[in-house]
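Have a look at the structure below, then the notes.
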Amino acid sequence: MEWGMKNRLSRLIQKDGKALFLPVDHGYFQGPTHGLEKPEETIKPIIQYADALMLTRGVLRNCIDPAIEKPIIMRVSGAVTVVGEDLANESVVTSIQEILRLNAMAVSMSVFAGTKYENKSLSNLAKLVDECEDYGVPVMAVTAVGKELEKREARYLALVARVSAELGARVVKTYYCKENFEKVVDGCPVPVVMAGGPKTESQKEVFDFVYDGLQKGAIGVNLGRNIWQTENPVASIRAIRAIIHENYTPQEALDLFNQVKAGKA
Ligand code: 5RP
């Protein structure tokens with residue numbers, strides 16, 4: 001691996017081999033979604049606890065102080081909306097010149113297995129990898145499976161994670177699944193991070209799955225809504241950070257969450 005690629009990956013994946021990526025890119029297809037109406041306000045109290053921030057170039061340019069010290073993972077796929085025909089029909093929407101100009105430490109794009117647009121999104125991933133590898137920029141595949149496979153079973157998650165790594169992704173984002181999650185991680189030759197998905201009923205559910213996923217080999221999370229849509233985003237991200245970087249159990253994380261919430265930590 002070349003120096004530039006190694007250097008960028010080492011800014012993202014910390015010395016302990018773990019990572020907490022904070023995605024605030026959801027507006028790219030959802031518009032001003034709840035909790036991200038003003039991304040700069042959402043980010044301000046929680047960014048210090050993240051290892052990297054994932055967003056689009058538009059939010060980066062307009063809402064983020066260029067003096068930010070956290071590395072940026074730039075989402076570069078999109079051009080679809082929640083009211084459009086099919087969310088899987090994405091294009092790559094940011095050039096390599098722009099990626100370098102905005103000093104992104106990595107880029108991310110979605111891939112949709114099991115959809116009408118499977119070939120398009122996977123080909124887009126391969127092309128993006130070709131462009132980015134020339135400049136030492138890692139590509140993170142944000143994996144998803146189509147509607148009929150929506151159950152988030154390990155065999156489908158493992159399939160799309162592995163295919164993304166085979167096409168050259170340096171990091172893969174997947175969803176967690178309760179059964180056989182280790183198969184997703186073991187079958188993927190590059191580091192795996194977990195998304196949170198829609199906000200859960202309780203914080204403990206998030207702490208449980210983050211902990212379990214890490215035990216099964218994930219290196220961390222790329223987790224948004226279950227941080228910034230919660231009642232106390234600072235308590236939430238601090239507890240998740242403690243699981244990832246300080247080996248807290250879910251119960252210890254919950255205790256920390258409650259202490260932070262009560263202003264005692
Ligand atoms: C949505 C994304 C997110 O970055 C990813 O799904 C993680 O976010 P969340 O934890 O909210 O699911 O790709 O566009």
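Scheme for the structure tokens: letters A, B, ... for chains in order shown; per-chain residue numbers from 1; ligand numbers from 1 in order shown.
Using only C-alpha atoms and all ligand atoms as the basis for the distance check, residues found within 8 Å of ligand 1 are Leu22, Pro23, Val24, Asp25, His26, Gly27, Tyr28, Phe29, Met54, Leu55, Met109, Ser110, Val142, Lys173, Met194, Ala195, Gly196, Gly197, Pro198, Lys199, Asn222, Leu223, Gly224, Arg225, Asn226 and Ile227 of chain A.
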Would you export the selected residues with C-alpha atoms as a PDB file, in the first residue's frame, please?
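Below is the file out_18.pdb, written as the result:
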ATOM      1  CA  LEU A  22     -20.257  10.096  12.181  1.00  0.00           C
ATOM      2  CA  PRO A  23     -22.452  10.288   9.048  1.00  0.00           C
ATOM      3  CA  VAL A  24     -24.553  13.397   8.462  1.00  0.00           C
ATOM      4  CA  ASP A  25     -25.047  12.790   4.750  1.00  0.00           C
ATOM      5  CA  HIS A  26     -28.710  11.772   4.875  1.00  0.00           C
ATOM      6  CA  GLY A  27     -29.898  15.022   3.280  1.00  0.00           C
ATOM      7  CA  TYR A  28     -28.435  13.888  -0.028  1.00  0.00           C
ATOM      8  CA  PHE A  29     -31.643  11.952  -0.711  1.00  0.00           C
ATOM      9  CA  MET A  54     -19.188  11.753   6.617  1.00  0.00           C
ATOM     10  CA  LEU A  55     -21.082  14.257   4.483  1.00  0.00           C
ATOM     11  CA  MET A 109     -20.798   5.625  -2.118  1.00  0.00           C
ATOM     12  CA  SER A 110     -23.796   3.328  -1.872  1.00  0.00           C
ATOM     13  CA  VAL A 142     -22.038   1.813   1.851  1.00  0.00           C
ATOM     14  CA  LYS A 173     -20.194  -0.291   5.774  1.00  0.00           C
ATOM     15  CA  MET A 194     -21.756  -0.888  11.076  1.00  0.00           C
ATOM     16  CA  ALA A 195     -24.552   1.586  10.364  1.00  0.00           C
ATOM     17  CA  GLY A 196     -27.241   2.238  12.919  1.00  0.00           C
ATOM     18  CA  GLY A 197     -30.322   2.497  10.729  1.00  0.00           C
ATOM     19  CA  PRO A 198     -33.511   4.260  11.883  1.00  0.00           C
ATOM     20  CA  LYS A 199     -33.653   5.378  15.515  1.00  0.00           C
ATOM     21  CA  ASN A 222     -20.626   4.640  10.701  1.00  0.00           C
ATOM     22  CA  LEU A 223     -23.625   5.583  12.769  1.00  0.00           C
ATOM     23  CA  GLY A 224     -25.821   8.634  12.464  1.00  0.00           C
ATOM     24  CA  ARG A 225     -29.505   8.699  13.387  1.00  0.00           C
ATOM     25  CA  ASN A 226     -29.021   6.715  16.579  1.00  0.00           C
ATOM     26  CA  ILE A 227     -26.749   9.516  17.717  1.00  0.00           C
TER      27      ILE A 227
END
Quick one: residues within 12 Å of Tyr248 in chain A, only C-alpha atoms, excluding same-chain residues fewer than 5 positions away - as a PDB file with C-alpha atoms, in the first residue's frame?
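Output file result.pdb follows:
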ATOM      1  CA  PHE A 207     -25.177  -0.243  22.729  1.00  0.00           C
ATOM      2  CA  ASP A 208     -25.972  -3.972  22.564  1.00  0.00           C
ATOM      3  CA  VAL A 210     -22.442  -2.094  18.643  1.00  0.00           C
ATOM      4  CA  TYR A 211     -20.839  -4.200  21.361  1.00  0.00           C
ATOM      5  CA  ASP A 212     -21.854  -7.501  19.785  1.00  0.00           C
ATOM      6  CA  LEU A 214     -17.323  -5.437  17.657  1.00  0.00           C
ATOM      7  CA  GLN A 215     -16.971  -8.800  19.419  1.00  0.00           C
ATOM      8  CA  ARG A 238     -19.896   9.321  24.310  1.00  0.00           C
ATOM      9  CA  ALA A 239     -21.372   5.959  25.315  1.00  0.00           C
ATOM     10  CA  ILE A 240     -20.834   4.499  21.834  1.00  0.00           C
ATOM     11  CA  ARG A 241     -17.292   5.851  21.787  1.00  0.00           C
ATOM     12  CA  ALA A 242     -16.612   4.161  25.128  1.00  0.00           C
ATOM     13  CA  ILE A 243     -17.751   0.798  23.715  1.00  0.00           C
ATOM     14  CA  ALA A 253     -22.139   2.340  28.296  1.00  0.00           C
ATOM     15  CA  LEU A 254     -25.693   2.801  29.546  1.00  0.00           C
ATOM     16  CA  ASP A 255     -24.376   3.914  32.923  1.00  0.00           C
ATOM     17  CA  LEU A 256     -22.121   6.449  31.225  1.00  0.00           C
ATOM     18  CA  PHE A 257     -25.033   7.583  29.042  1.00  0.00           C
TER      19      PHE A 257
END
Exercise for the section: Pick out the residues sitting within 10 Å of Asn258 in chain A, and hand them over as number ranges by chain; count only C-alpha atoms, and ignore anything fewer than 5 positions along from it in its own chain. Expected result: A: 232, 235-236, 239, 252-253, 263-265
Practice task
Looking only at helix (DSSP H, G or I) from DSSP on the backbone, list the matching residues of range 43-231 of chain A as a PyMOL selection string.
Solution key: chain A and resi 43+47-49+57-63+96-101+118-134+147-149+154-166+181-186+203-215+225-228
Write out the residues from the selection above, keeping C-alpha atoms, as a compact mmCIF listing (two decimals), in the first residue's frame.
# COMPACT_ATOMS: atom_id res chain seq x y z
CA ILE A 43 -22.50 18.50 14.53
CA ILE A 47 -17.97 16.16 16.49
CA GLN A 48 -15.24 16.07 19.16
CA TYR A 49 -16.21 12.47 19.98
CA ARG A 57 -19.56 18.41 -0.60
CA GLY A 58 -22.50 20.81 -0.33
CA VAL A 59 -22.80 20.53 3.44
CA LEU A 60 -19.02 20.52 3.80
CA ARG A 61 -18.63 23.78 1.87
CA ASN A 62 -21.55 25.60 3.42
CA CYS A 63 -21.77 24.36 6.99
CA ILE A 96 -11.83 13.27 -8.28
CA GLN A 97 -10.61 16.87 -8.68
CA GLU A 98 -13.32 18.04 -6.28
CA ILE A 99 -12.55 15.22 -3.84
CA LEU A 100 -8.91 16.33 -3.73
CA ARG A 101 -9.73 20.05 -3.73
CA GLU A 118 -27.17 -3.62 -9.10
CA ASN A 119 -24.85 -3.60 -12.12
CA LYS A 120 -24.89 0.20 -12.34
CA SER A 121 -24.00 0.76 -8.71
CA LEU A 122 -21.35 -1.94 -8.63
CA SER A 123 -19.78 -0.66 -11.88
CA ASN A 124 -19.82 2.85 -10.43
CA LEU A 125 -17.99 1.52 -7.38
CA ALA A 126 -15.31 -0.11 -9.53
CA LYS A 127 -14.82 3.09 -11.57
CA LEU A 128 -14.63 5.24 -8.45
CA VAL A 129 -12.05 2.88 -6.97
CA ASP A 130 -9.97 3.17 -10.16
CA GLU A 131 -10.01 6.97 -9.97
CA CYS A 132 -9.44 7.23 -6.24
CA GLU A 133 -6.65 4.64 -6.04
CA ASP A 134 -4.60 6.77 -8.46
CA LYS A 147 -36.32 -4.71 -1.24
CA GLU A 148 -36.88 -8.42 -1.50
CA LEU A 149 -33.76 -9.01 0.58
CA ALA A 154 -26.10 -12.43 7.19
CA ARG A 155 -25.96 -14.26 3.86
CA TYR A 156 -27.08 -11.18 1.91
CA LEU A 157 -25.04 -8.73 3.94
CA ALA A 158 -22.00 -10.99 3.53
CA LEU A 159 -22.60 -11.19 -0.21
CA VAL A 160 -22.67 -7.45 -0.84
CA ALA A 161 -19.82 -6.77 1.61
CA ARG A 162 -17.59 -9.30 -0.10
CA VAL A 163 -18.49 -8.16 -3.61
CA SER A 164 -17.69 -4.56 -2.64
CA ALA A 165 -14.31 -5.57 -1.27
CA GLU A 166 -13.61 -7.63 -4.39
CA PHE A 181 -22.87 -11.41 11.92
CA GLU A 182 -19.38 -12.92 12.15
CA LYS A 183 -19.97 -14.40 8.68
CA VAL A 184 -20.34 -10.90 7.26
CA VAL A 185 -17.06 -9.79 8.81
CA ASP A 186 -15.11 -13.01 8.24
CA GLN A 203 -30.39 3.47 23.59
CA LYS A 204 -29.51 0.11 25.10
CA GLU A 205 -30.45 -1.63 21.84
CA VAL A 206 -27.79 0.41 20.05
CA PHE A 207 -25.18 -0.24 22.73
CA ASP A 208 -25.97 -3.97 22.56
CA PHE A 209 -25.56 -4.26 18.83
CA VAL A 210 -22.44 -2.09 18.64
CA TYR A 211 -20.84 -4.20 21.36
CA ASP A 212 -21.85 -7.50 19.79
CA GLY A 213 -20.74 -6.40 16.31
CA LEU A 214 -17.32 -5.44 17.66
CA GLN A 215 -16.97 -8.80 19.42
CA ARG A 225 -29.50 8.70 13.39
CA ASN A 226 -29.02 6.72 16.58
CA ILE A 227 -26.75 9.52 17.72
CA TRP A 228 -28.09 12.82 16.41
Problem - Closest of A:Gly217, A:Gly31, A:Pro233, A:Pro39 to Val192 in chain A - atom-to-atom distances counting only C-alpha atoms - result: A:Gly217
Practice task
Please measure the separation of CA of Gln251 in chain A and CA of Thr174 in chain A, giving the value in Å to one decimal.
Solution key: 24.2 Å
Exercise for the section: Would you please extract all strand (DSSP E or B) residues from range 104-248 of chain A, as assigned by DSSP on the backbone, and give them as a list in words? Expected result: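 Assigned to strand (DSSP E or B), within range 104-248 of chain A: Ala106, Val107, Ser108, Met109, Ser110, Val111, Phe112, Ala113, Val139, Met140, Ala141, Val142, Thr143, Ala144, Val145, Val171, Val172, Lys173, Thr174, Tyr175, Val192, Val193, Met194, Ala195, Gly220, Val221 and Asn222 of chain A.
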File dump, residues just selected, C-alpha atoms, as a short mmCIF file (atom, residue, chain, number, x, y, z; two decimals), in the first residue's frame:
data_model
loop_
_atom_site.label_atom_id
_atom_site.label_comp_id
_atom_site.auth_asym_id
_atom_site.auth_seq_id
_atom_site.Cartn_x
_atom_site.Cartn_y
_atom_site.Cartn_z
CA ALA A 106 -11.88 9.09 1.97
CA VAL A 107 -15.00 8.88 -0.13
CA SER A 108 -18.13 6.80 0.26
CA MET A 109 -20.80 5.63 -2.12
CA SER A 110 -23.80 3.33 -1.87
CA VAL A 111 -24.03 -0.01 -3.63
CA PHE A 112 -27.33 -1.80 -4.00
CA ALA A 113 -27.23 -5.56 -4.47
CA VAL A 139 -13.30 4.24 -1.00
CA MET A 140 -15.87 3.09 1.55
CA ALA A 141 -18.75 1.05 0.11
CA VAL A 142 -22.04 1.81 1.85
CA THR A 143 -23.75 -1.48 1.21
CA ALA A 144 -27.45 -2.14 0.89
CA VAL A 145 -29.60 -4.95 -0.39
CA VAL A 171 -13.67 -0.20 3.95
CA VAL A 172 -17.19 -1.64 3.90
CA LYS A 173 -20.19 -0.29 5.77
CA THR A 174 -22.85 -2.86 6.48
CA TYR A 175 -25.86 -3.26 8.69
CA VAL A 192 -16.16 -3.50 8.31
CA VAL A 193 -18.10 -0.73 10.06
CA MET A 194 -21.76 -0.89 11.08
CA ALA A 195 -24.55 1.59 10.36
CA GLY A 220 -16.52 0.24 14.61
CA VAL A 221 -19.45 2.19 13.29
CA ASN A 222 -20.63 4.64 10.70
#
